[in-house]
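Shown next: upload.cif, given as mmCIF, C-alpha atoms and all ligand atoms.
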```cif
data_upload
loop_
_atom_site.label_atom_id
_atom_site.label_comp_id
_atom_site.auth_asym_id
_atom_site.auth_seq_id
_atom_site.Cartn_x
_atom_site.Cartn_y
_atom_site.Cartn_z
CA MET A 19 -11.28 1.97 15.82
CA ASN A 20 -14.13 -0.38 16.73
CA ALA A 21 -12.56 -3.13 18.78
CA ASN A 22 -15.53 -5.43 18.17
CA ALA A 23 -15.45 -5.17 14.39
CA THR A 24 -13.74 -7.79 12.28
CA PRO A 25 -10.40 -6.53 10.92
CA ALA A 26 -10.44 -4.51 7.70
CA ILE A 27 -7.97 -7.04 6.28
CA ALA A 28 -7.41 -10.53 7.69
CA VAL A 29 -4.79 -12.78 6.08
CA GLN A 30 -4.63 -16.19 7.73
CA ASP A 31 -2.02 -18.86 7.08
CA VAL A 32 -1.76 -17.87 3.44
CA SER A 33 0.70 -19.66 1.18
CA LYS A 34 1.30 -19.01 -2.49
CA PHE A 35 3.17 -21.05 -5.08
CA PHE A 36 4.34 -19.96 -8.51
CA VAL A 37 5.06 -22.43 -11.28
CA SER A 38 8.07 -21.52 -13.44
CA ALA A 39 8.30 -22.06 -17.21
CA ASP A 40 10.14 -25.37 -16.67
CA GLY A 41 7.32 -26.58 -14.41
CA ARG A 42 9.09 -26.09 -11.06
CA ARG A 43 6.75 -25.12 -8.22
CA THR A 44 8.23 -22.47 -5.91
CA ARG A 45 6.72 -21.38 -2.62
CA ALA A 46 6.57 -17.57 -2.78
CA LEU A 47 4.71 -17.06 0.50
CA ASP A 48 4.68 -19.36 3.50
CA LYS A 49 1.78 -19.29 5.99
CA VAL A 50 1.53 -15.52 6.16
CA ASN A 51 -0.66 -14.03 8.90
CA LEU A 52 -1.50 -10.36 8.87
CA ALA A 53 -4.33 -8.20 10.14
CA VAL A 54 -5.10 -4.57 9.49
CA GLU A 55 -7.66 -3.30 11.97
CA ARG A 56 -10.32 -0.83 10.89
CA GLY A 57 -8.89 2.64 10.51
CA GLU A 58 -5.36 1.35 10.96
CA PHE A 59 -2.31 2.24 8.84
CA VAL A 60 0.00 -0.74 8.37
CA SER A 61 3.16 -0.89 6.26
CA ILE A 62 4.97 -3.94 4.94
CA ILE A 63 8.70 -3.76 4.44
CA GLY A 64 11.11 -6.50 3.43
CA PRO A 65 13.90 -7.46 1.04
CA SER A 66 13.24 -7.53 -2.68
CA GLY A 67 11.36 -10.64 -3.72
CA CYS A 68 9.90 -11.47 -0.28
CA GLY A 69 6.38 -11.31 -1.69
CA LYS A 70 5.09 -7.86 -0.73
CA THR A 71 3.45 -7.13 -4.08
CA THR A 72 2.15 -10.70 -4.27
CA MET A 73 0.45 -10.15 -0.89
CA LEU A 74 -1.09 -6.87 -1.99
CA LYS A 75 -2.39 -8.39 -5.24
CA MET A 76 -4.02 -11.23 -3.33
CA VAL A 77 -5.72 -8.84 -0.91
CA GLY A 78 -6.78 -6.79 -3.93
CA GLY A 79 -8.40 -9.89 -5.39
CA ILE A 80 -6.38 -9.92 -8.61
CA LEU A 81 -4.22 -12.93 -7.73
CA ASP A 82 -5.25 -16.28 -6.27
CA TRP A 83 -3.50 -18.00 -3.40
CA ASP A 84 -3.10 -21.70 -2.67
CA GLU A 85 -3.62 -22.16 1.05
CA GLY A 86 -5.23 -20.16 3.85
CA SER A 87 -7.85 -17.45 3.79
CA ILE A 88 -8.09 -13.73 3.10
CA SER A 89 -11.03 -11.55 4.05
CA VAL A 90 -11.68 -7.84 3.71
CA MET A 91 -14.23 -6.03 5.89
CA GLY A 92 -15.36 -9.42 7.17
CA ALA A 93 -16.07 -10.98 3.75
CA PRO A 94 -13.89 -13.61 2.04
CA VAL A 95 -11.98 -12.23 -0.95
CA SER A 96 -13.01 -13.83 -4.24
CA GLY A 97 -11.97 -11.07 -6.65
CA PRO A 98 -11.68 -7.28 -6.77
CA GLY A 99 -14.39 -5.36 -4.92
CA PRO A 100 -15.69 -1.83 -4.51
CA GLU A 101 -14.51 -1.60 -0.91
CA ARG A 102 -10.85 -1.79 -2.04
CA ALA A 103 -8.82 0.68 -4.13
CA THR A 104 -5.17 0.49 -5.13
CA VAL A 105 -2.53 3.16 -5.69
CA PHE A 106 0.34 1.95 -7.85
CA GLN A 107 4.02 2.89 -8.00
CA SER A 108 3.68 3.67 -11.71
CA PHE A 109 0.68 6.04 -11.17
CA ALA A 110 -1.18 4.11 -13.92
CA LEU A 111 -2.93 7.23 -15.23
CA LEU A 112 -4.50 7.30 -18.69
CA PRO A 113 -2.42 9.81 -20.71
CA TRP A 114 -5.21 10.75 -23.12
CA MET A 115 -7.60 11.73 -20.33
CA THR A 116 -7.56 14.98 -18.38
CA VAL A 117 -6.66 15.01 -14.70
CA LEU A 118 -10.37 15.37 -13.89
CA ASP A 119 -11.36 12.38 -16.01
CA ASN A 120 -8.53 10.31 -14.56
CA ALA A 121 -9.66 11.15 -11.03
CA ALA A 122 -13.24 10.29 -12.00
CA PHE A 123 -12.33 7.08 -13.84
CA GLY A 124 -13.38 4.61 -11.14
CA LEU A 125 -16.72 6.39 -10.80
CA LYS A 126 -17.27 6.12 -14.56
CA MET A 127 -16.65 2.38 -14.30
CA ARG A 128 -19.35 2.30 -11.62
CA GLY A 129 -21.81 3.97 -13.97
CA GLU A 130 -22.12 7.29 -12.15
CA THR A 131 -23.38 10.23 -14.22
CA LYS A 132 -20.84 12.64 -15.63
CA ALA A 133 -22.08 15.49 -13.42
CA ALA A 134 -21.90 13.39 -10.25
CA ARG A 135 -18.47 11.93 -10.96
CA HIS A 136 -16.99 15.28 -11.97
CA ALA A 137 -18.34 16.97 -8.83
CA LYS A 138 -16.82 14.29 -6.63
CA ALA A 139 -13.52 14.24 -8.56
CA ARG A 140 -13.25 18.05 -8.34
CA ASN A 141 -13.67 17.84 -4.59
CA LEU A 142 -10.90 15.29 -4.29
CA LEU A 143 -8.59 17.23 -6.60
CA GLU A 144 -9.10 20.12 -4.22
CA THR A 145 -8.19 17.86 -1.28
CA VAL A 146 -4.93 16.82 -2.95
CA GLY A 147 -4.11 20.39 -4.02
CA LEU A 148 -4.72 19.98 -7.74
CA ALA A 149 -7.93 21.96 -8.27
CA ASP A 150 -6.18 24.22 -10.79
CA PHE A 151 -5.00 21.27 -12.89
CA ALA A 152 -8.34 19.58 -13.57
CA ASN A 153 -8.07 20.20 -17.32
CA ALA A 154 -4.38 19.36 -17.65
CA TYR A 155 -3.12 16.02 -18.97
CA PRO A 156 -0.94 13.66 -16.90
CA GLY A 157 2.09 14.30 -19.13
CA GLU A 158 2.01 17.96 -18.11
CA LEU A 159 2.36 17.12 -14.40
CA SER A 160 5.35 16.28 -12.20
CA GLY A 161 5.60 12.78 -10.70
CA GLY A 162 4.37 14.04 -7.33
CA MET A 163 1.36 15.68 -8.96
CA GLN A 164 0.59 12.55 -10.96
CA GLN A 165 0.61 10.49 -7.78
CA ARG A 166 -1.77 12.98 -6.16
CA VAL A 167 -4.12 12.25 -9.09
CA GLY A 168 -3.63 8.52 -8.43
CA LEU A 169 -4.62 9.08 -4.82
CA ALA A 170 -7.66 11.20 -5.79
CA ARG A 171 -8.75 8.49 -8.24
CA ALA A 172 -8.47 5.81 -5.54
CA LEU A 173 -10.33 7.89 -2.94
CA ALA A 174 -13.10 8.85 -5.38
CA VAL A 175 -14.70 5.43 -5.13
CA SER A 176 -14.99 5.82 -1.32
CA PRO A 177 -13.13 2.63 -0.45
CA ASN A 178 -12.88 1.19 3.05
CA VAL A 179 -9.44 -0.19 2.32
CA LEU A 180 -6.60 1.49 0.45
CA LEU A 181 -3.82 -0.72 -0.93
CA MET A 182 -0.66 1.19 -1.79
CA ASP A 183 2.22 -0.48 -3.64
CA GLU A 184 5.36 1.65 -3.21
CA PRO A 185 3.35 4.71 -4.25
CA PHE A 186 6.12 7.24 -3.62
CA SER A 187 9.17 5.30 -4.79
CA ALA A 188 9.32 7.01 -8.21
CA ILE A 189 9.12 10.48 -6.66
CA ASP A 190 11.99 12.75 -5.62
CA ALA A 191 13.01 12.63 -1.96
CA GLN A 192 11.72 16.09 -0.97
CA THR A 193 8.31 15.72 -2.63
CA ARG A 194 8.06 12.29 -1.09
CA LEU A 195 8.22 13.75 2.43
CA ILE A 196 5.49 16.23 1.55
CA LEU A 197 3.29 13.50 0.06
CA GLN A 198 3.67 11.40 3.20
CA THR A 199 2.25 14.23 5.32
CA GLU A 200 -0.50 14.89 2.78
CA LEU A 201 -1.46 11.23 2.77
CA LEU A 202 -1.72 11.20 6.57
CA ASP A 203 -3.84 14.37 6.45
CA VAL A 204 -6.28 12.73 4.04
CA TRP A 205 -6.29 9.45 5.97
CA SER A 206 -6.93 11.17 9.31
CA GLN A 207 -10.12 12.69 7.90
CA THR A 208 -11.51 9.29 6.91
CA ASP A 209 -11.93 5.86 8.47
CA LEU A 210 -9.78 4.29 5.77
CA SER A 211 -7.67 1.25 6.57
CA VAL A 212 -4.38 1.31 4.69
CA LEU A 213 -1.94 -1.42 3.69
CA PHE A 214 1.19 0.29 2.39
CA ILE A 215 4.23 -1.33 0.81
CA THR A 216 7.55 0.44 0.91
CA HIS A 217 11.30 -0.11 0.84
CA ALA A 218 11.91 3.05 2.89
CA MET A 219 12.23 2.47 6.62
CA ASP A 220 11.68 6.09 7.63
CA GLU A 221 8.56 6.21 5.45
CA ALA A 222 7.16 3.05 7.07
CA VAL A 223 7.78 4.40 10.58
CA PHE A 224 6.51 7.91 9.83
CA LEU A 225 3.22 6.71 8.36
CA SER A 226 2.27 3.61 10.27
CA ASP A 227 0.58 2.32 13.37
CA ARG A 228 2.43 -0.94 12.82
CA VAL A 229 5.28 -2.04 10.54
CA VAL A 230 5.23 -5.64 9.33
CA ILE A 231 8.66 -7.00 8.41
CA MET A 232 8.86 -9.83 5.91
CA GLY A 233 11.71 -12.18 5.13
CA ALA A 234 12.26 -13.99 1.84
CA ARG A 235 12.60 -17.50 0.40
CA PRO A 236 9.84 -18.15 1.00
CA GLY A 237 8.12 -14.90 1.96
CA HIS A 238 6.99 -14.85 5.58
CA VAL A 239 6.30 -12.39 8.37
CA THR A 240 9.20 -12.16 10.79
CA ASP A 241 8.26 -9.20 13.01
CA VAL A 242 5.51 -6.71 13.67
CA ILE A 243 6.73 -3.47 15.23
CA ASP A 244 4.25 -1.15 16.97
CA ILE A 245 4.90 2.48 16.12
CA ASP A 246 3.90 4.29 19.27
CA LEU A 247 4.64 7.80 17.98
CA PRO A 248 1.88 10.31 18.69
CA ARG A 249 -0.41 11.56 15.94
CA PRO A 250 -0.72 13.80 14.11
CA ARG A 251 2.74 13.13 12.74
CA THR A 252 4.51 16.27 11.62
CA GLU A 253 7.98 17.36 10.53
CA GLU A 254 8.79 17.43 14.27
CA THR A 255 8.10 13.69 14.35
CA ARG A 256 11.09 13.07 12.08
CA ARG A 257 13.36 14.68 14.68
CA ASP A 258 11.82 12.82 17.63
CA PRO A 259 14.43 10.49 19.22
CA ARG A 260 11.74 7.80 19.35
CA PHE A 261 11.32 8.07 15.55
CA VAL A 262 15.05 7.62 15.10
CA GLU A 263 15.04 4.70 17.51
CA LEU A 264 12.14 2.92 15.78
CA THR A 265 13.67 3.45 12.33
CA ALA A 266 16.94 1.98 13.64
CA ARG A 267 15.03 -0.98 15.04
CA VAL A 268 13.44 -1.68 11.64
CA TRP A 269 16.85 -1.39 9.96
CA ASP A 270 18.51 -3.72 12.50
CA ARG A 271 15.89 -6.34 11.76
CA LEU A 272 16.08 -5.89 7.99
CA ARG A 273 19.86 -5.89 7.98
CA GLY A 274 19.77 -9.14 9.94
CA LEU A 275 17.45 -10.67 7.35
CA MET A 276 19.62 -9.53 4.47
CA THR A 277 22.77 -10.87 6.11
CA ASP A 278 21.02 -14.21 6.69
CA GLU A 279 19.89 -14.23 3.06
CA ARG A 280 23.43 -13.66 1.77
CA ALA A 281 24.65 -16.45 4.02
CA GLY A 282 21.83 -18.71 2.79
CA ALA A 283 20.39 -19.10 6.29
CA PRO A 284 16.64 -19.21 6.91
CA SER A 285 15.45 -15.90 8.40
N1 LIG B 301 3.90 -14.22 -11.96
C1 LIG B 301 4.94 -14.79 -11.34
N2 LIG B 301 5.46 -15.95 -11.75
C2 LIG B 301 6.48 -16.54 -11.12
N3 LIG B 301 7.08 -16.02 -10.01
C3 LIG B 301 6.61 -14.87 -9.56
C4 LIG B 301 5.52 -14.16 -10.18
N4 LIG B 301 5.27 -13.03 -9.48
C5 LIG B 301 6.17 -13.02 -8.46
N5 LIG B 301 6.96 -14.10 -8.51
C6 LIG B 301 8.02 -14.42 -7.55
O1 LIG B 301 7.49 -14.37 -6.23
C7 LIG B 301 8.39 -13.76 -5.34
C8 LIG B 301 7.76 -12.55 -4.70
O2 LIG B 301 7.61 -11.51 -5.68
P1 LIG B 301 7.02 -10.08 -5.32
O3 LIG B 301 7.04 -9.25 -6.54
O4 LIG B 301 5.74 -10.24 -4.62
O5 LIG B 301 8.12 -9.55 -4.28
P2 LIG B 301 8.32 -8.10 -3.67
O6 LIG B 301 8.65 -8.32 -2.24
O7 LIG B 301 7.15 -7.25 -3.98
O8 LIG B 301 9.60 -7.59 -4.46
P3 LIG B 301 10.12 -6.10 -4.76
O9 LIG B 301 10.41 -5.50 -3.42
O10 LIG B 301 11.36 -6.32 -5.57
O11 LIG B 301 9.03 -5.39 -5.50
C9 LIG B 301 9.64 -13.45 -6.14
O12 LIG B 301 10.56 -14.50 -5.97
C10 LIG B 301 9.16 -13.40 -7.55
O13 LIG B 301 10.16 -13.76 -8.47
#
```

Let me see whether you can do it: turn the structure in this file into structure tokens.
Ligand SMILES: Nc1ncnc2c1ncn2[C@@H]1O[C@H](COP(=O)(O)OP(=O)(O)OP(=O)(O)O)[C@@H](O)[C@H]1O
Amino acid sequence: MNANATPAIAVQDVSKFFVSADGRRTRALDKVNLAVERGEFVSIIGPSGCGKTTMLKMVGGILDWDEGSISVMGAPVSGPGPERATVFQSFALLPWMTVLDNAAFGLKMRGETKAARHAKARNLLETVGLADFANAYPGELSGGMQQRVGLARALAVSPNVLLMDEPFSAIDAQTRLILQTELLDVWSQTDLSVLFITHAMDEAVFLSDRVVIMGARPGHVTDVIDIDLPRPRTEETRRDPRFVELTARVWDRLRGLMTDERAGAPS
């Protein structure tokens, strides 16, 4: 990490309002501050509706905000950009395209030649363990395999910043653990900065350098927990007493927020 560089993602005092069908203006996010340093892996966790996806969409440049500023790699966000790629919960693959063409899709949008984009996509399919499935269609793959294609597609465009919106939540629990390790393997070989949304506390702790906890109504950052577990993280990490302790700390904080929410208290 270059300590002198501007953060990969800088969200400063950002507020967001939504207007409902009856014209009511609701504050969805309240003065959110968040930084992801270059090469850092940061997760956001928080109760349903606290604005996690809204945050990610704003950083991705597909949703405007009302107050504050957001910059990525030192430049103000004014729309989507080539330095950012997103991996979605729903995989968002095109069912009529082969795995290879799905992985190469972002490169096609950038106007790269077929030979160049296929060569790059093949490389990435190899990285995510799907080299033998290049000619298959998404419908022929398991959920875990489809999400590996989603990851290959995102990485193909060589982003600086990877935005991940609950990417493993539709995947069975065992495969999910394997994908977490695979993601860290890929990340450790790059200088990617990752902003990762999850509902799973153990996932947030296992993956991250820092876990950002958000409360709801309106969405705001309540805590940032440093995850001082050594890397590389392995299956041993999950049995480390420090891992258990940090996961419990995240849960204590979240449980407090949820209890406050049920009682109608501000968190
Ligand atoms: N397009 C929209 N119009 C109106 N309200 C919206 C819109 N999108 C989101 N909201 C509201 O903003 C708040 C934050 O939503 P968001 O989807 O970002 O939360 P979240 O933390 O990602 O939730 P979940 O964990 O359930 O996915 C919610 O109260 C939601 O109802």

Within 9 Å of Trp114 of chain A using all atoms listed in the file, minus same-chain residues under 3 positions, as a PyMOL selection string: chain A and resi 111+155-156

Minimum-distance residue to ligand LIG 301 (chain B), chosen among A:Arg140, A:Lys49, A:Arg249, A:Arg42 (using all atoms listed in the file): A:Arg42

Exercise: Gly99 of chain A partners within 12 Å, all atoms listed in the file, chain neighbours under 3 positions left out, as an MDAnalysis selection string: chainID A and resid 77:80 89:91 93:96 102:104 124 128 175:180

Residues within 10 Å of segment 193-207 of chain A, only C-alpha atoms, excluding chain neighbours under 6 positions, as a PyMOL selection string: chain A and resi 57-59+142+145-147+161-163+165-166+169+173+180+185-187+220-222+224-226+249-253

Would you output that residue set with C-alpha atoms, as a short mmCIF file (atom, residue, chain, number, x, y, z; two decimals), keeping the file's coordinate frame?
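The file below, out_27.cif, is the result:
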```cif
data_model
loop_
_atom_site.label_atom_id
_atom_site.label_comp_id
_atom_site.auth_asym_id
_atom_site.auth_seq_id
_atom_site.Cartn_x
_atom_site.Cartn_y
_atom_site.Cartn_z
CA GLY A 57 -8.89 2.64 10.51
CA GLU A 58 -5.36 1.35 10.96
CA PHE A 59 -2.31 2.24 8.84
CA LEU A 142 -10.90 15.29 -4.29
CA THR A 145 -8.19 17.86 -1.28
CA VAL A 146 -4.93 16.82 -2.95
CA GLY A 147 -4.11 20.39 -4.02
CA GLY A 161 5.60 12.78 -10.70
CA GLY A 162 4.37 14.04 -7.33
CA MET A 163 1.36 15.68 -8.96
CA GLN A 165 0.61 10.49 -7.78
CA ARG A 166 -1.77 12.98 -6.16
CA LEU A 169 -4.62 9.08 -4.82
CA LEU A 173 -10.33 7.89 -2.94
CA LEU A 180 -6.60 1.49 0.45
CA PRO A 185 3.35 4.71 -4.25
CA PHE A 186 6.12 7.24 -3.62
CA SER A 187 9.17 5.30 -4.79
CA ASP A 220 11.68 6.09 7.63
CA GLU A 221 8.56 6.21 5.45
CA ALA A 222 7.16 3.05 7.07
CA PHE A 224 6.51 7.91 9.83
CA LEU A 225 3.22 6.71 8.36
CA SER A 226 2.27 3.61 10.27
CA ARG A 249 -0.41 11.56 15.94
CA PRO A 250 -0.72 13.80 14.11
CA ARG A 251 2.74 13.13 12.74
CA THR A 252 4.51 16.27 11.62
CA GLU A 253 7.98 17.36 10.53
#
```

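Every residue having at least one atom no farther than 7 Å from ligand LIG 301 (chain B) is included below, with all atoms listed in the file taken into account: Phe36, Val37, Ser38, Ala46, Gly64, Pro65, Ser66, Gly67, Cys68, Gly69, Lys70, Thr71, Thr72, Met73 and His217 of chain A.
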
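Of the listed residues (A:Val268, A:Ala281, A:Val117, A:Val223), A:Val117 comes nearest to Leu159 of chain A; the distances count all atoms listed in the file.
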
Atom CA of Pro259 of chain A to atom CA of Met232 of chain A, straight-line distance in Å: 24.9 Å

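For the pair atom CA of Met182 of chain A and atom CA of Phe106 of chain A, the interatomic distance is 6.2 Å.
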
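Taking all atoms listed in the file into account, Asp209 of chain A lies nearest to A:Ala26 out of the set A:Ala26, A:Val242, A:Ala188, A:Met127.
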
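For the pair atom CA of Val60 of chain A and atom CA of Leu125 of chain A, the interatomic distance is 26.4 Å.
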
Counting all atoms listed in the file, note down every residue that has an atom within 8 Å of the point (-7.5, -4.4, 10.3) (file coordinates), as an mmCIF file with C-alpha atoms, in the frame of the given file.
```cif
data_model
loop_
_atom_site.group_PDB
_atom_site.id
_atom_site.type_symbol
_atom_site.label_atom_id
_atom_site.label_comp_id
_atom_site.auth_asym_id
_atom_site.auth_seq_id
_atom_site.Cartn_x
_atom_site.Cartn_y
_atom_site.Cartn_z
ATOM 1 C CA THR A 24 -13.740 -7.790 12.280
ATOM 2 C CA PRO A 25 -10.400 -6.530 10.920
ATOM 3 C CA ALA A 26 -10.440 -4.510 7.700
ATOM 4 C CA ILE A 27 -7.970 -7.040 6.280
ATOM 5 C CA ALA A 28 -7.410 -10.530 7.690
ATOM 6 C CA ALA A 53 -4.330 -8.200 10.140
ATOM 7 C CA VAL A 54 -5.100 -4.570 9.490
ATOM 8 C CA GLU A 55 -7.660 -3.300 11.970
ATOM 9 C CA ARG A 56 -10.320 -0.830 10.890
ATOM 10 C CA GLY A 57 -8.890 2.640 10.510
ATOM 11 C CA GLU A 58 -5.360 1.350 10.960
ATOM 12 C CA SER A 211 -7.670 1.250 6.570
#
```

Within 8 Å of Leu143 of chain A using all atoms listed in the file, minus same-chain residues under 3 positions, as a list in words: Leu118, Ala121, Ala139, Arg140, Val146, Gly147, Leu148, Ala149, Ala152, Val167 and Ala170 of chain A

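Distance annotation: of A:Val50, A:Ala154, A:Leu112, A:Ile62, the residue with the minimal separation from Asp84 of chain A is A:Val50; atom set is all atoms listed in the file.
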
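Distance check against Leu210 of chain A using all atoms listed in the file: of A:Glu101, A:Gly129, A:Trp269, A:Val230, the minimum falls on A:Glu101.
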
Selected residue, from A:Leu275, A:Ile231, A:Ala122, A:Leu74, that lies nearest to Met219 of chain A when counting only C-alpha atoms: A:Ile231

Near-Asp31 of chain A list (9 Å; all atoms listed in the file; drop same-chain fewer than 4 positions) as a PyMOL selection string: chain A and resi 48-52+85-88
